[in-house]
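*Asks:* Mind looking over this structure? Questions follow.
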Amino acid sequence: MYFIVPAGIAAVVSGIVALRRMRDREGTDRFRARAGVTLGITAIVIPLAVIVWAIWALGHAYQ
């Protein structure tokens, strides 16, 4: 968990940088850069959603 979120942030940043570099070039395949952004966002959202769910579930377990 400690490695996934920073790796996701790095994937999003590097994907955005790659997309910006490809902006002026025609005929380039942007699939890998978009996949990096998409997977990076997924790597950020899912662990944070699990943490929020766990906190919510533990809060309701002790009521």
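Chain labels follow the order of the structure tokens: the first chain is A, the next B, and so on; residue numbering restarts at 1 in every chain, and ligands are counted from 1 in their shown order.
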Residues within 10 Å of range 10-25 of chain A, please, as a ChimeraX atom specification. Count only C-alpha atoms; anything in the same chain fewer than 6 positions from it doesn't count.
*Replies:* /A:4,31-44
*Asks:* Produce a file of the selected residues containing N, CA, C and O atoms, as a PDB file, in the first residue's frame.
*Replies:*
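Contents of selection17.pdb, as written:
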ATOM      1  N   ILE A   4       2.115   1.605  -3.759  1.00  0.00           N
ATOM      2  CA  ILE A   4       1.160   1.661  -4.865  1.00  0.00           C
ATOM      3  C   ILE A   4       0.742   3.096  -5.188  1.00  0.00           C
ATOM      4  O   ILE A   4       0.739   3.501  -6.349  1.00  0.00           O
ATOM      5  N   PHE A  31      -1.391   5.417 -27.198  1.00  0.00           N
ATOM      6  CA  PHE A  31      -2.043   4.387 -26.388  1.00  0.00           C
ATOM      7  C   PHE A  31      -1.288   4.135 -25.086  1.00  0.00           C
ATOM      8  O   PHE A  31      -1.900   4.026 -24.025  1.00  0.00           O
ATOM      9  N   ARG A  32       0.025   4.024 -25.136  1.00  0.00           N
ATOM     10  CA  ARG A  32       0.802   3.726 -23.927  1.00  0.00           C
ATOM     11  C   ARG A  32       0.728   4.866 -22.911  1.00  0.00           C
ATOM     12  O   ARG A  32       0.645   4.632 -21.710  1.00  0.00           O
ATOM     13  N   ALA A  33       0.769   6.091 -23.391  1.00  0.00           N
ATOM     14  CA  ALA A  33       0.680   7.228 -22.481  1.00  0.00           C
ATOM     15  C   ALA A  33      -0.700   7.285 -21.831  1.00  0.00           C
ATOM     16  O   ALA A  33      -0.817   7.510 -20.621  1.00  0.00           O
ATOM     17  N   ARG A  34      -1.737   7.063 -22.620  1.00  0.00           N
ATOM     18  CA  ARG A  34      -3.097   7.054 -22.045  1.00  0.00           C
ATOM     19  C   ARG A  34      -3.290   5.889 -21.088  1.00  0.00           C
ATOM     20  O   ARG A  34      -3.967   6.021 -20.065  1.00  0.00           O
ATOM     21  N   ALA A  35      -2.706   4.750 -21.423  1.00  0.00           N
ATOM     22  CA  ALA A  35      -2.792   3.598 -20.528  1.00  0.00           C
ATOM     23  C   ALA A  35      -2.073   3.882 -19.217  1.00  0.00           C
ATOM     24  O   ALA A  35      -2.543   3.494 -18.142  1.00  0.00           O
ATOM     25  N   GLY A  36      -0.947   4.583 -19.277  1.00  0.00           N
ATOM     26  CA  GLY A  36      -0.225   4.952 -18.060  1.00  0.00           C
ATOM     27  C   GLY A  36      -1.042   5.867 -17.174  1.00  0.00           C
ATOM     28  O   GLY A  36      -1.091   5.685 -15.957  1.00  0.00           O
ATOM     29  N   VAL A  37      -1.702   6.832 -17.784  1.00  0.00           N
ATOM     30  CA  VAL A  37      -2.549   7.744 -17.013  1.00  0.00           C
ATOM     31  C   VAL A  37      -3.723   6.986 -16.400  1.00  0.00           C
ATOM     32  O   VAL A  37      -4.031   7.136 -15.214  1.00  0.00           O
ATOM     33  N   THR A  38      -4.362   6.141 -17.197  1.00  0.00           N
ATOM     34  CA  THR A  38      -5.527   5.388 -16.713  1.00  0.00           C
ATOM     35  C   THR A  38      -5.152   4.432 -15.585  1.00  0.00           C
ATOM     36  O   THR A  38      -5.829   4.381 -14.547  1.00  0.00           O
ATOM     37  N   LEU A  39      -4.090   3.682 -15.776  1.00  0.00           N
ATOM     38  CA  LEU A  39      -3.672   2.749 -14.731  1.00  0.00           C
ATOM     39  C   LEU A  39      -3.151   3.473 -13.492  1.00  0.00           C
ATOM     40  O   LEU A  39      -3.333   2.994 -12.366  1.00  0.00           O
ATOM     41  N   GLY A  40      -2.529   4.617 -13.696  1.00  0.00           N
ATOM     42  CA  GLY A  40      -2.080   5.406 -12.553  1.00  0.00           C
ATOM     43  C   GLY A  40      -3.246   5.916 -11.720  1.00  0.00           C
ATOM     44  O   GLY A  40      -3.213   5.861 -10.489  1.00  0.00           O
ATOM     45  N   ILE A  41      -4.270   6.413 -12.391  1.00  0.00           N
ATOM     46  CA  ILE A  41      -5.463   6.870 -11.666  1.00  0.00           C
ATOM     47  C   ILE A  41      -6.117   5.704 -10.930  1.00  0.00           C
ATOM     48  O   ILE A  41      -6.549   5.840  -9.779  1.00  0.00           O
ATOM     49  N   THR A  42      -6.171   4.551 -11.576  1.00  0.00           N
ATOM     50  CA  THR A  42      -6.727   3.364 -10.937  1.00  0.00           C
ATOM     51  C   THR A  42      -5.903   2.967  -9.717  1.00  0.00           C
ATOM     52  O   THR A  42      -6.454   2.601  -8.673  1.00  0.00           O
ATOM     53  N   ALA A  43      -4.580   3.068  -9.829  1.00  0.00           N
ATOM     54  CA  ALA A  43      -3.695   2.711  -8.718  1.00  0.00           C
ATOM     55  C   ALA A  43      -3.801   3.696  -7.562  1.00  0.00           C
ATOM     56  O   ALA A  43      -3.419   3.377  -6.440  1.00  0.00           O
ATOM     57  N   ILE A  44      -4.308   4.876  -7.814  1.00  0.00           N
ATOM     58  CA  ILE A  44      -4.520   5.852  -6.739  1.00  0.00           C
ATOM     59  C   ILE A  44      -5.898   5.678  -6.117  1.00  0.00           C
ATOM     60  O   ILE A  44      -6.049   5.671  -4.894  1.00  0.00           O
TER      61      ILE A  44
END
*Asks:* So which residues of range 8-57 of chain A fall under alpha helix (DSSP H) by DSSP, listed as a ChimeraX atom specification?
*Replies:* /A:8-21,31-57
*Asks:* Please dump the current selection as a compact mmCIF listing (two decimals), in the first residue's frame; keep C-alpha atoms.
*Replies:*
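After the write, result07.txt holds the following:
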# COMPACT_ATOMS: atom_id res chain seq x y z
CA GLY A 8 0.28 5.63 -9.37
CA ILE A 9 1.13 9.30 -9.01
CA ALA A 10 4.36 8.76 -10.95
CA ALA A 11 2.43 6.93 -13.69
CA VAL A 12 -0.07 9.75 -14.04
CA VAL A 13 2.65 12.41 -14.17
CA SER A 14 4.82 10.55 -16.67
CA GLY A 15 1.77 9.74 -18.82
CA ILE A 16 0.74 13.39 -18.94
CA VAL A 17 4.29 14.45 -19.79
CA ALA A 18 4.39 11.88 -22.60
CA LEU A 19 1.04 13.05 -23.96
CA ARG A 20 2.25 16.66 -23.98
CA ARG A 21 5.42 15.70 -25.82
CA PHE A 31 -2.04 4.39 -26.39
CA ARG A 32 0.80 3.73 -23.93
CA ALA A 33 0.68 7.23 -22.48
CA ARG A 34 -3.10 7.05 -22.05
CA ALA A 35 -2.79 3.60 -20.53
CA GLY A 36 -0.22 4.95 -18.06
CA VAL A 37 -2.55 7.74 -17.01
CA THR A 38 -5.53 5.39 -16.71
CA LEU A 39 -3.67 2.75 -14.73
CA GLY A 40 -2.08 5.41 -12.55
CA ILE A 41 -5.46 6.87 -11.67
CA THR A 42 -6.73 3.36 -10.94
CA ALA A 43 -3.70 2.71 -8.72
CA ILE A 44 -4.52 5.85 -6.74
CA VAL A 45 -8.31 5.52 -6.47
CA ILE A 46 -8.68 1.85 -5.52
CA PRO A 47 -6.34 1.85 -2.48
CA LEU A 48 -7.83 5.10 -1.22
CA ALA A 49 -11.35 3.71 -1.65
CA VAL A 50 -10.37 0.58 0.29
CA ILE A 51 -8.94 2.71 3.10
CA VAL A 52 -12.10 4.86 3.28
CA TRP A 53 -14.28 1.74 3.24
CA ALA A 54 -12.20 0.10 6.00
CA ILE A 55 -12.46 3.19 8.20
CA TRP A 56 -16.19 3.36 7.60
CA ALA A 57 -16.66 -0.37 8.31
